[in-house]
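What's in query-v5.cif: mmCIF, C-alpha atoms and all ligand atoms
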data_start
loop_
_atom_site.label_atom_id
_atom_site.label_comp_id
_atom_site.auth_asym_id
_atom_site.auth_seq_id
_atom_site.Cartn_x
_atom_site.Cartn_y
_atom_site.Cartn_z
CA MET A 561 37.50 3.44 64.20
CA THR A 562 33.96 3.42 62.98
CA SER A 563 31.64 2.09 65.59
CA HIS A 564 28.33 0.69 64.58
CA PRO A 565 25.10 2.31 65.63
CA THR A 566 24.27 1.50 69.18
CA ILE A 567 20.69 1.03 70.10
CA PRO A 568 19.87 3.25 73.04
CA PRO A 569 18.43 1.47 76.05
CA VAL A 570 14.70 1.47 75.81
CA ALA A 571 12.90 3.01 78.74
CA ALA A 572 9.78 1.30 80.04
CA PRO A 573 6.75 2.27 77.97
CA GLY A 574 5.04 5.22 79.51
CA GLY A 575 8.24 6.44 81.16
CA LEU A 576 7.50 7.72 84.62
CA ALA A 577 3.78 7.23 84.36
CA GLY A 578 3.68 4.92 87.32
CA ALA A 579 5.95 6.98 89.57
CA PRO A 580 4.36 8.63 92.60
CA ILE A 581 4.08 12.35 92.07
CA THR A 582 4.02 14.81 94.91
CA GLN A 583 3.27 18.46 94.51
CA ASP A 584 6.59 20.02 95.36
CA VAL A 585 9.10 17.29 94.62
CA VAL A 586 10.28 17.10 91.05
CA THR A 587 12.02 13.90 90.16
CA ILE A 588 14.48 14.19 87.32
CA PRO A 589 14.69 10.92 85.42
CA ARG A 590 18.18 9.45 85.38
CA ARG A 591 17.90 8.40 81.79
CA MET A 592 15.83 10.25 79.29
CA GLU A 593 13.57 8.26 77.03
CA PRO A 594 15.19 7.65 73.66
CA ALA A 595 12.49 9.65 71.94
CA LEU A 596 13.40 12.65 74.06
CA ARG A 597 17.05 12.54 73.19
CA ILE A 598 18.15 15.05 70.63
CA ASN A 599 19.64 13.64 67.47
CA ILE A 600 22.93 15.33 66.76
CA VAL A 601 22.90 14.37 63.09
CA GLY A 602 21.66 17.26 60.98
CA LEU A 603 22.12 20.02 63.56
CA THR A 604 24.18 22.92 62.27
CA ARG A 605 27.13 23.97 64.42
CA ASP A 606 25.05 26.78 65.94
CA GLN A 607 22.14 24.49 66.65
CA LEU A 608 24.42 21.92 68.24
CA ARG A 609 26.03 24.58 70.40
CA ASP A 610 22.62 25.82 71.58
CA ALA A 611 21.51 22.27 72.30
CA LEU A 612 24.65 21.49 74.31
CA ILE A 613 24.21 24.65 76.37
CA ALA A 614 20.51 24.01 76.92
CA ALA A 615 21.41 20.54 78.20
CA GLY A 616 23.85 22.00 80.70
CA THR A 617 27.24 22.34 78.97
CA PRO A 618 28.94 25.49 80.31
CA GLU A 619 28.78 28.20 77.68
CA ARG A 620 32.51 28.85 77.61
CA GLN A 621 33.18 25.20 76.74
CA ALA A 622 30.44 24.84 74.18
CA ARG A 623 32.30 25.86 71.05
CA MET A 624 35.16 23.47 71.76
CA ARG A 625 32.74 20.63 72.50
CA VAL A 626 30.94 21.26 69.23
CA GLY A 627 34.24 20.98 67.38
CA GLN A 628 35.16 17.73 69.12
CA ILE A 629 31.78 16.06 68.69
CA TRP A 630 31.57 17.28 65.10
CA GLN A 631 34.81 15.57 64.16
CA TRP A 632 33.83 12.32 65.79
CA VAL A 633 30.45 12.20 64.10
CA TYR A 634 31.23 13.56 60.66
CA HIS A 635 34.90 12.91 60.14
CA TRP A 636 35.32 9.55 61.86
CA GLY A 637 31.77 8.28 61.51
CA VAL A 638 31.47 7.37 65.19
CA ARG A 639 27.95 6.59 66.47
CA ASP A 640 28.73 5.91 70.07
CA PHE A 641 29.61 8.58 72.62
CA THR A 642 31.82 6.21 74.56
CA ALA A 643 34.26 6.16 71.63
CA MET A 644 34.84 9.93 71.88
CA THR A 645 38.08 9.53 73.76
CA ASN A 646 39.10 13.17 73.90
CA LEU A 647 36.05 13.93 76.04
CA ALA A 648 36.01 13.26 79.76
CA LYS A 649 34.18 10.08 80.73
CA ASP A 650 31.54 12.00 82.67
CA TYR A 651 30.88 14.26 79.77
CA ARG A 652 30.49 11.27 77.45
CA ALA A 653 27.93 9.82 79.83
CA PHE A 654 26.18 13.18 79.98
CA LEU A 655 25.96 13.26 76.18
CA ALA A 656 24.69 9.70 75.98
CA GLU A 657 21.85 10.55 78.34
CA ARG A 658 20.63 13.52 76.43
CA PHE A 659 21.67 13.01 72.83
CA GLU A 660 21.82 10.36 70.17
CA ILE A 661 23.63 9.93 66.87
CA ALA A 662 20.97 8.39 64.69
CA VAL A 663 20.79 7.73 60.97
CA PRO A 664 17.98 6.15 58.93
CA GLU A 665 17.69 2.39 59.07
CA VAL A 666 18.53 0.41 55.94
CA VAL A 667 15.53 -1.74 55.04
CA THR A 668 16.89 -3.11 51.77
CA ARG A 669 19.97 -2.59 49.69
CA GLN A 670 19.99 -3.57 46.06
CA VAL A 671 23.03 -3.64 43.81
CA SER A 672 22.54 -3.24 40.07
CA GLU A 673 24.53 -5.07 37.40
CA ASP A 674 26.29 -1.76 36.74
CA GLY A 675 27.30 -1.29 40.38
CA THR A 676 24.59 1.25 41.24
CA ARG A 677 23.32 0.74 44.76
CA LYS A 678 19.82 1.60 45.87
CA TYR A 679 18.96 1.84 49.53
CA LEU A 680 15.45 1.77 50.88
CA LEU A 681 15.62 3.58 54.20
CA ARG A 682 13.16 3.72 57.04
CA ILE A 683 12.75 7.00 58.87
CA ALA A 684 10.69 8.13 61.85
CA GLY A 685 7.00 7.40 61.52
CA GLY A 686 7.72 4.21 59.56
CA HIS A 687 8.09 6.15 56.29
CA GLU A 688 10.48 5.06 53.61
CA VAL A 689 12.73 6.91 51.19
CA GLU A 690 15.24 5.87 48.59
CA THR A 691 18.85 6.88 48.11
CA VAL A 692 20.95 5.85 45.13
CA TYR A 693 24.73 5.55 44.84
CA ILE A 694 26.15 5.71 41.34
CA PRO A 695 29.83 4.76 40.99
CA GLU A 696 31.72 6.11 38.00
CA ASP A 697 35.31 5.80 36.85
CA ASN A 698 36.89 8.42 39.03
CA ARG A 699 34.02 9.61 41.12
CA GLY A 700 30.85 8.49 42.79
CA THR A 701 27.56 10.33 43.08
CA LEU A 702 24.99 9.95 45.76
CA CYS A 703 21.43 10.85 44.79
CA VAL A 704 19.62 11.97 47.89
CA SER A 705 15.89 12.42 48.60
CA SER A 706 14.46 15.52 50.24
CA GLN A 707 10.85 14.49 50.79
CA VAL A 708 8.78 11.34 51.16
CA GLY A 709 6.82 11.56 47.92
CA CYS A 710 6.31 14.93 46.25
CA THR A 711 3.51 17.49 46.19
CA LEU A 712 4.17 18.11 42.53
CA THR A 713 2.79 15.89 39.85
CA CYS A 714 5.18 15.89 36.91
CA SER A 715 3.43 13.49 34.59
CA PHE A 716 6.57 11.55 33.56
CA CYS A 717 7.90 11.04 37.08
CA HIS A 718 7.23 7.99 39.20
CA THR A 719 7.72 9.90 42.44
CA GLY A 720 5.04 12.32 41.24
CA THR A 721 2.49 9.52 41.40
CA GLN A 722 3.07 9.26 45.12
CA LYS A 723 1.47 11.88 47.31
CA LEU A 724 3.65 13.87 49.66
CA VAL A 725 3.87 12.23 53.02
CA ARG A 726 6.28 14.62 54.66
CA ASN A 727 9.42 16.68 54.40
CA LEU A 728 12.63 15.01 55.51
CA THR A 729 14.44 16.55 58.45
CA ALA A 730 17.96 17.86 57.99
CA GLY A 731 19.17 14.82 59.95
CA GLU A 732 17.42 12.44 57.58
CA ILE A 733 19.01 14.17 54.60
CA VAL A 734 22.53 14.12 56.06
CA GLY A 735 21.84 10.60 57.33
CA GLN A 736 21.47 9.33 53.76
CA LEU A 737 25.08 10.25 53.07
CA MET A 738 26.23 8.70 56.33
CA VAL A 739 24.40 5.45 55.58
CA ALA A 740 26.00 5.28 52.14
CA ARG A 741 29.43 5.85 53.64
CA ASP A 742 28.74 3.10 56.19
CA ASP A 743 27.82 0.70 53.42
CA LEU A 744 30.80 1.65 51.27
CA GLY A 745 33.16 1.47 54.24
CA GLU A 746 34.22 5.01 53.59
CA TRP A 747 35.04 6.39 57.03
CA PRO A 748 38.74 7.06 57.53
CA GLU A 749 40.94 4.87 59.67
CA PRO A 750 43.00 6.86 62.17
CA GLY A 751 46.59 7.12 61.03
CA ALA A 752 45.84 5.96 57.50
CA PRO A 753 47.03 8.28 54.71
CA LYS A 754 44.40 10.67 53.47
CA ASP A 755 42.53 9.09 50.63
CA GLU A 756 42.00 11.62 47.89
CA THR A 757 39.70 9.49 45.76
CA ARG A 758 36.45 9.49 47.55
CA LEU A 759 33.77 6.94 46.82
CA VAL A 760 31.05 9.50 47.45
CA SER A 761 32.65 12.51 45.81
CA ASN A 762 29.47 14.24 44.62
CA LEU A 763 25.99 14.67 45.94
CA VAL A 764 22.88 15.44 43.93
CA LEU A 765 19.54 16.41 45.40
CA MET A 766 17.71 14.52 42.67
CA GLY A 767 15.98 11.76 44.56
CA MET A 768 12.42 11.87 45.76
CA GLY A 769 10.83 15.23 46.37
CA GLU A 770 11.20 18.88 45.47
CA PRO A 771 14.13 20.19 47.55
CA LEU A 772 13.02 23.80 47.34
CA TYR A 773 9.73 22.94 49.02
CA ASN A 774 11.78 21.80 51.98
CA PHE A 775 14.20 24.68 51.83
CA ASP A 776 15.30 25.17 55.44
CA ASN A 777 16.01 21.51 56.10
CA VAL A 778 17.85 21.09 52.81
CA ARG A 779 19.92 24.20 53.50
CA ASP A 780 20.84 23.08 57.01
CA ALA A 781 21.69 19.61 55.78
CA MET A 782 23.94 20.99 53.05
CA ARG A 783 25.69 23.22 55.58
CA VAL A 784 26.53 20.14 57.58
CA VAL A 785 27.62 18.23 54.49
CA MET A 786 29.81 21.11 53.25
CA ASP A 787 31.53 21.72 56.57
CA GLY A 788 35.27 21.29 56.01
CA GLU A 789 35.89 19.47 59.27
CA GLY A 790 33.39 16.74 58.62
CA LEU A 791 31.82 15.26 55.54
CA SER A 792 33.52 18.02 53.67
CA LEU A 793 31.89 17.98 50.25
CA SER A 794 32.55 21.26 48.54
CA ARG A 795 29.60 23.30 47.33
CA ARG A 796 30.76 22.71 43.77
CA ARG A 797 30.26 19.01 44.22
CA ILE A 798 26.65 19.40 45.26
CA THR A 799 23.88 19.90 42.72
CA LEU A 800 20.34 20.74 43.70
CA SER A 801 17.68 19.97 41.14
CA THR A 802 14.44 21.92 41.15
CA SER A 803 11.35 21.67 39.02
CA GLY A 804 11.25 25.48 39.09
CA VAL A 805 10.22 26.91 42.46
CA VAL A 806 11.07 30.41 41.29
CA PRO A 807 10.87 32.35 44.58
CA GLU A 808 13.41 30.04 46.25
CA ILE A 809 16.03 30.09 43.50
CA ALA A 810 17.81 33.27 44.61
CA ARG A 811 17.83 31.97 48.19
CA THR A 812 19.44 28.78 47.00
CA ALA A 813 22.27 30.82 45.53
CA GLU A 814 22.66 33.00 48.61
CA GLU A 815 22.12 30.50 51.42
CA ILE A 816 23.47 27.26 49.95
CA GLY A 817 25.61 28.31 46.99
CA CYS A 818 25.68 24.86 45.42
CA LEU A 819 25.30 24.12 41.74
CA LEU A 820 21.81 24.26 40.32
CA ALA A 821 19.99 21.97 37.94
CA VAL A 822 16.55 22.72 36.66
CA SER A 823 14.02 20.27 35.31
CA PHE A 824 13.25 22.16 32.14
CA HIS A 825 11.88 19.42 29.89
CA ALA A 826 9.89 21.56 27.44
CA THR A 827 10.27 24.62 25.26
CA THR A 828 6.71 25.94 25.21
CA ASP A 829 4.47 26.74 28.14
CA ALA A 830 1.73 24.53 26.69
CA VAL A 831 3.94 21.42 26.84
CA ARG A 832 5.68 22.36 30.07
CA ASP A 833 2.32 22.93 31.77
CA ARG A 834 1.55 19.32 30.98
CA LEU A 835 4.92 17.82 31.90
CA VAL A 836 5.92 19.97 34.87
CA PRO A 837 2.65 21.45 36.18
CA ILE A 838 4.44 23.92 38.45
CA ASN A 839 4.89 25.79 35.18
CA LYS A 840 1.30 26.98 35.51
CA ARG A 841 2.41 28.86 38.61
CA TRP A 842 5.79 30.11 37.33
CA ASN A 843 6.11 29.87 33.58
CA ILE A 844 9.18 29.48 31.40
CA ASP A 845 9.78 33.20 31.19
CA GLU A 846 9.70 33.72 34.97
CA LEU A 847 11.88 30.67 35.49
CA LEU A 848 14.51 31.88 33.03
CA GLY A 849 14.50 35.28 34.73
CA ALA A 850 15.42 33.67 38.05
CA LEU A 851 18.06 31.49 36.40
CA ARG A 852 19.80 34.41 34.77
CA ASP A 853 20.70 35.77 38.19
CA TYR A 854 21.80 32.49 39.70
CA PRO A 855 25.44 32.19 38.65
CA ARG A 856 26.16 35.75 39.69
CA LEU A 857 24.51 35.33 43.08
CA SER A 858 26.17 32.04 43.91
CA ASN A 859 29.47 32.64 42.19
CA SER A 860 28.87 29.26 40.64
CA GLU A 861 29.43 27.62 37.33
CA ARG A 862 26.95 26.66 34.68
CA ILE A 863 23.36 25.77 35.31
CA THR A 864 22.35 22.29 34.23
CA PHE A 865 19.17 22.17 32.19
CA GLU A 866 17.69 18.70 32.57
CA TYR A 867 15.66 17.61 29.63
CA VAL A 868 13.85 14.28 29.61
CA MET A 869 13.48 12.82 26.14
CA LEU A 870 9.88 11.79 25.56
CA ASP A 871 8.99 10.24 22.25
CA GLY A 872 6.95 12.64 20.11
CA VAL A 873 6.29 15.03 23.00
CA ASN A 874 9.31 17.34 23.39
CA ASP A 875 12.02 15.83 21.22
CA SER A 876 11.77 17.53 17.80
CA ASP A 877 14.48 19.53 16.06
CA ASP A 878 12.29 22.59 16.59
CA ASP A 879 12.32 21.91 20.32
CA ALA A 880 16.11 21.75 20.29
CA ARG A 881 16.34 25.06 18.44
CA ARG A 882 13.79 26.73 20.69
CA LEU A 883 15.68 25.50 23.72
CA ILE A 884 18.85 27.17 22.49
CA ARG A 885 17.03 30.44 21.90
CA LEU A 886 15.42 30.38 25.31
CA ILE A 887 18.58 29.86 27.31
CA ARG A 888 20.72 32.29 25.37
CA GLY A 889 22.91 34.28 27.75
CA ILE A 890 22.74 31.78 30.60
CA PRO A 891 25.94 29.78 31.27
CA ALA A 892 24.44 26.36 30.79
CA LYS A 893 24.88 22.73 30.00
CA ILE A 894 22.04 20.60 28.84
CA ASN A 895 21.65 17.18 30.30
CA LEU A 896 19.51 14.96 28.11
CA ILE A 897 17.84 12.22 30.10
CA PRO A 898 16.44 9.30 28.16
CA PHE A 899 13.02 8.71 29.71
CA ASN A 900 13.11 5.93 32.25
CA GLU A 901 9.98 3.88 32.15
CA TRP A 902 8.00 2.77 35.14
CA PRO A 903 4.89 0.61 35.43
CA GLY A 904 1.92 2.51 34.01
CA ALA A 905 4.00 5.38 32.64
CA PRO A 906 2.12 7.37 30.02
CA TYR A 907 5.20 8.06 27.82
CA ARG A 908 7.87 6.28 25.81
CA ARG A 909 11.55 7.00 25.56
CA SER A 910 12.65 8.81 22.39
CA SER A 911 14.61 6.66 19.99
CA TRP A 912 18.37 6.73 20.29
CA ASP A 913 18.69 8.39 16.87
CA ARG A 914 16.30 11.13 17.91
CA ILE A 915 18.19 11.77 21.13
CA GLU A 916 21.46 12.00 19.24
CA ALA A 917 20.02 14.34 16.62
CA PHE A 918 18.67 16.57 19.38
CA ALA A 919 22.01 16.50 21.19
CA ASP A 920 23.81 17.38 18.00
CA ILE A 921 21.82 20.57 17.42
CA ILE A 922 22.55 21.69 20.95
CA TYR A 923 26.21 20.78 20.72
CA LYS A 924 26.62 22.72 17.48
CA ALA A 925 25.16 25.77 19.20
CA GLY A 926 28.08 25.60 21.61
CA TYR A 927 26.56 23.84 24.62
CA ALA A 928 27.72 20.68 26.28
CA SER A 929 24.88 18.23 25.82
CA PRO A 930 25.72 14.97 27.57
CA ILE A 931 23.20 12.20 27.31
CA ARG A 932 22.74 10.75 30.74
CA THR A 933 23.32 7.01 30.63
CA PRO A 934 20.53 5.39 32.56
CA ARG A 935 21.99 3.76 35.64
CA GLY A 936 20.53 1.10 37.82
CA GLU A 937 17.46 0.55 35.65
CA ASP A 938 17.29 -3.11 36.59
CA ILE A 939 16.66 -2.14 40.20
CA MET A 940 14.39 0.83 39.38
CA ALA A 941 17.04 3.23 40.61
CA ALA A 942 17.24 5.44 37.53
CA CYS A 943 16.05 9.06 37.46
CA GLY A 944 12.38 9.37 38.11
CA GLN A 945 11.90 5.72 39.00
CA LEU A 946 12.15 6.20 42.74
CA LYS A 947 9.14 5.58 44.80
CA SER A 948 8.73 3.74 48.02
CA ALA A 949 6.53 0.90 46.96
CA THR A 950 5.16 0.42 50.42
CA GLU A 951 3.77 3.92 50.79
CA ARG A 952 0.05 4.05 50.58
CA GLY A 953 -1.97 6.88 49.12
CA ARG A 954 -0.77 6.55 45.57
CA LYS A 955 -2.70 7.94 42.68
CA SER A 956 -4.64 5.72 40.33
CA ALA A 957 -3.45 5.03 36.78
CA ALA A 958 -6.43 7.07 35.54
CA GLN A 959 -5.36 10.06 37.62
CA VAL A 960 -1.80 9.79 36.31
CA ALA A 961 -3.05 9.69 32.73
CA ALA A 962 -5.43 12.61 33.32
CA GLU A 963 -2.61 14.73 34.73
CA ALA A 964 -0.51 13.91 31.67
CA GLY A 965 -3.36 15.28 29.57
CA LEU A 966 -3.97 11.94 27.87
N1 LIG A 1001 12.10 17.30 42.24
C1 LIG A 1001 13.34 17.70 41.67
C2 LIG A 1001 14.44 16.69 41.86
C3 LIG A 1001 14.13 15.23 41.65
S1 LIG A 1001 13.90 14.58 40.05
C4 LIG A 1001 13.16 18.02 40.22
O1 LIG A 1001 12.12 17.71 39.68
O2 LIG A 1001 14.06 18.61 39.65
C5 LIG A 1001 15.50 14.42 39.29
C6 LIG A 1001 15.42 14.52 37.75
O3 LIG A 1001 14.87 13.33 37.14
C7 LIG A 1001 14.53 15.67 37.31
O4 LIG A 1001 15.08 16.38 36.25
C8 LIG A 1001 13.30 14.93 36.86
O5 LIG A 1001 12.53 15.73 36.01
C9 LIG A 1001 13.89 13.71 36.20
N2 LIG A 1001 12.93 12.63 36.00
C10 LIG A 1001 11.80 12.40 36.69
N3 LIG A 1001 11.18 11.31 36.19
C11 LIG A 1001 11.94 10.83 35.20
C12 LIG A 1001 11.84 9.70 34.34
N4 LIG A 1001 10.84 8.84 34.44
N5 LIG A 1001 12.82 9.50 33.44
C13 LIG A 1001 13.87 10.34 33.37
N6 LIG A 1001 14.02 11.42 34.16
C14 LIG A 1001 13.05 11.66 35.07
FE1 LIG A 1002 8.47 15.95 42.16
FE2 LIG A 1002 10.72 16.30 40.74
FE3 LIG A 1002 9.18 14.17 40.30
FE4 LIG A 1002 8.34 16.59 39.56
S1 LIG A 1002 10.13 15.47 38.75
S2 LIG A 1002 7.10 15.03 40.63
S3 LIG A 1002 9.14 17.84 41.20
S4 LIG A 1002 10.27 14.62 42.19
#
Take the structure from the file and write it as structure tokens.
Ligand code: SAH
Ligand code: SF4
Amino acid sequence: MTSHPTIPPVAAPGGLAGAPITQDVVTIPRRMEPALRINIVGLTRDQLRDALIAAGTPERQARMRVGQIWQWVYHWGVRDFTAMTNLAKDYRAFLAERFEIAVPEVVTRQVSEDGTRKYLLRIAGGHEVETVYIPEDNRGTLCVSSQVGCTLTCSFCHTGTQKLVRNLTAGEIVGQLMVARDDLGEWPEPGAPKDETRLVSNLVLMGMGEPLYNFDNVRDAMRVVMDGEGLSLSRRRITLSTSGVVPEIARTAEEIGCLLAVSFHATTDAVRDRLVPINKRWNIDELLGALRDYPRLSNSERITFEYVMLDGVNDSDDDARRLIRLIRGIPAKINLIPFNEWPGAPYRRSSWDRIEAFADIIYKAGYASPIRTPRGEDIMAACGQLKSATERGRKSAAQVAAEAGL
């Protein structure tokens, strides 16, 4: 049932520029230029309803039309209005003139030895972002980007060496999931029994960018993704990772309600200032304050504390013990991430023995402390390795080292 993206007919450059214009006659173009068409992907139900009405859909029909279009786009994965057979032909033509169903374009797709897939996607303006699919035994996680680059400069993160180019739109965020489902062939076939094991069963906002610096678009995108009549990922299968944008944490609980992960990475302000410089703005104490309220506000489960293991920097037994003291009282699990190296990185991964010793202290204190197996390292798809190589405006190695305090 899935139809492949159709390329809208391209209007002559300049549109009506050459048409004779008289003062009192307004000519309405028969076809709108593609750029003027509204992309349906990423609009919330309310936004889609408003857009349909603004384009001329009678108000009393609008809610029903939203429901129909929604199912075609997000349940069946249809990209072509002509395939929407429960809509009248005229209405399909009307939609095709004014709207489009557009997802980012796949520039490259790499498959790791371990099955991890990394997509380099092109979005409007010629920018590029990366999305990573990580298959596991009985689930599959899609790691989605929220920005091109990042304004923050965590000294161990490859993305942090790339300046922010722009926020992604809600459509570009939702589009990453749709592209992955295209590639995995995961749209349902009509009449086929409902498949309970989904290839993309979980979504993590852990790709490029700081999602809480693009709050509104991330929220809208997650509303689309969570909608039960479409992509239908439950809020408990979505994890948003933040470096610690304290003022937006309560809003994340209230307006998105997904699970939260926080890039903690250090147990003293002096070290965290160096690793996650946003700590200079909101320190460990303020961050923990916001995290204490999160589970109550979102009715969610534990918070994941992400902790990158950097040799000789944050990986001592004392660090492990301090970490336990700091998070006391917060329902938490601690995700230890062996540092993933990237060209010019100013750190080394802690030894395996050190990581295990650290994990053991945490485990004995009663916390789950999984060590995240690096996935897709051979294709630079592991945590913190994402960066669109073609983007210009990167920082120099000297700047990276200076920010790491080396
Ligand atoms: N900007 C958000 C989400 C993206 S990063 C955030 O910082 O939370 C996803 C996770 O990978 C974060 O915990 C981040 O700190 C971690 N990470 C970044 N670079 C890494 C690297 N080189 N090795 C291992 N983990 C890294
Ligand atoms: Fe940005 Fe997250 Fe990387 Fe820090 S770790 S630079 S916040 S993407």
Give the residue list for ligand LIG 1001 (chain A) at 7 Å, counting all atoms listed in the file, as a list in words, sorted by chain and then by residue number. Phe716, Cys717, His718, Leu765, Met766, Gly767, Met768, Gly769, Glu770, Pro771, Ser801, Thr802, Ser803, Val822, Ser823, Glu866, Tyr867, Val868, Ile897, Pro898, Phe899, Asn900, Glu901, Trp902, Cys943, Gly944 and Gln945 of chain A
Residues from the last selection, C-alpha atoms, saved as a PDB file, in the coordinates of the input:
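again24.pdb, freshly written:
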ATOM      1  CA  PHE A 716       6.570  11.550  33.560  1.00  0.00           C
ATOM      2  CA  CYS A 717       7.900  11.040  37.080  1.00  0.00           C
ATOM      3  CA  HIS A 718       7.230   7.990  39.200  1.00  0.00           C
ATOM      4  CA  LEU A 765      19.540  16.410  45.400  1.00  0.00           C
ATOM      5  CA  MET A 766      17.710  14.520  42.670  1.00  0.00           C
ATOM      6  CA  GLY A 767      15.980  11.760  44.560  1.00  0.00           C
ATOM      7  CA  MET A 768      12.420  11.870  45.760  1.00  0.00           C
ATOM      8  CA  GLY A 769      10.830  15.230  46.370  1.00  0.00           C
ATOM      9  CA  GLU A 770      11.200  18.880  45.470  1.00  0.00           C
ATOM     10  CA  PRO A 771      14.130  20.190  47.550  1.00  0.00           C
ATOM     11  CA  SER A 801      17.680  19.970  41.140  1.00  0.00           C
ATOM     12  CA  THR A 802      14.440  21.920  41.150  1.00  0.00           C
ATOM     13  CA  SER A 803      11.350  21.670  39.020  1.00  0.00           C
ATOM     14  CA  VAL A 822      16.550  22.720  36.660  1.00  0.00           C
ATOM     15  CA  SER A 823      14.020  20.270  35.310  1.00  0.00           C
ATOM     16  CA  GLU A 866      17.690  18.700  32.570  1.00  0.00           C
ATOM     17  CA  TYR A 867      15.660  17.610  29.630  1.00  0.00           C
ATOM     18  CA  VAL A 868      13.850  14.280  29.610  1.00  0.00           C
ATOM     19  CA  ILE A 897      17.840  12.220  30.100  1.00  0.00           C
ATOM     20  CA  PRO A 898      16.440   9.300  28.160  1.00  0.00           C
ATOM     21  CA  PHE A 899      13.020   8.710  29.710  1.00  0.00           C
ATOM     22  CA  ASN A 900      13.110   5.930  32.250  1.00  0.00           C
ATOM     23  CA  GLU A 901       9.980   3.880  32.150  1.00  0.00           C
ATOM     24  CA  TRP A 902       8.000   2.770  35.140  1.00  0.00           C
ATOM     25  CA  CYS A 943      16.050   9.060  37.460  1.00  0.00           C
ATOM     26  CA  GLY A 944      12.380   9.370  38.110  1.00  0.00           C
ATOM     27  CA  GLN A 945      11.900   5.720  39.000  1.00  0.00           C
TER      28      GLN A 945
END
Please enclose the listed atoms of ligand LIG 1002 (chain A) in an axis-aligned box, pad each side by 3 Å, and write out the centre and the three edge lengths in Å, rounded to one decimal, as AutoDock Vina command-line options.
--center_x 8.9 --center_y 16.0 --center_z 40.5 --size_x 9.6 --size_y 9.7 --size_z 9.4
Counting all atoms listed in the file, which residues sit no farther than 12 Å from the position (22.9, 33.4, 37.5) in the file's frame? I'd like them as a PyMOL selection string. chain A and resi 809-814+817-821+847-864+887+889-892
List the spatial neighbours of Leu835 of chain A as a VMD selection string - criterion: any atom at most 8 Å away, all atoms listed in the file, same-chain residues fewer than 4 positions off excluded. chain A and resid 714 to 716 825 to 826 831 964
Leaving out segment 697-704 of chain A and any residue of its chain fewer than 4 positions from it, which residues lie within 10 Å of it when counting all atoms listed in the file, given as a ChimeraX atom specification? /A:676-678,689-693,732-737,740-741,757-769,771,797-800,941-943
Nearest to ligand LIG 1002 (chain A) among A:Pro934, A:Gly804, A:Gly872, A:Gly904, with distances taken over all atoms listed in the file: which residue is it?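 Closest candidate: A:Gly804.
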Can you tell me, as a ChimeraX atom specification, what residues are no more than 6 Å from segment 651-660 of chain A when counting only C-alpha atoms, ignoring any on the same chain fewer than 5 positions away? /A:591,597-599,641-642
Expected file contents, prior selection, C-alpha atoms, as a PDB file, in the coordinates of the input:
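What follows is the written file part_10.pdb:
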ATOM      1  CA  ARG A 591      17.900   8.400  81.790  1.00  0.00           C
ATOM      2  CA  ARG A 597      17.050  12.540  73.190  1.00  0.00           C
ATOM      3  CA  ILE A 598      18.150  15.050  70.630  1.00  0.00           C
ATOM      4  CA  ASN A 599      19.640  13.640  67.470  1.00  0.00           C
ATOM      5  CA  PHE A 641      29.610   8.580  72.620  1.00  0.00           C
ATOM      6  CA  THR A 642      31.820   6.210  74.560  1.00  0.00           C
TER       7      THR A 642
END
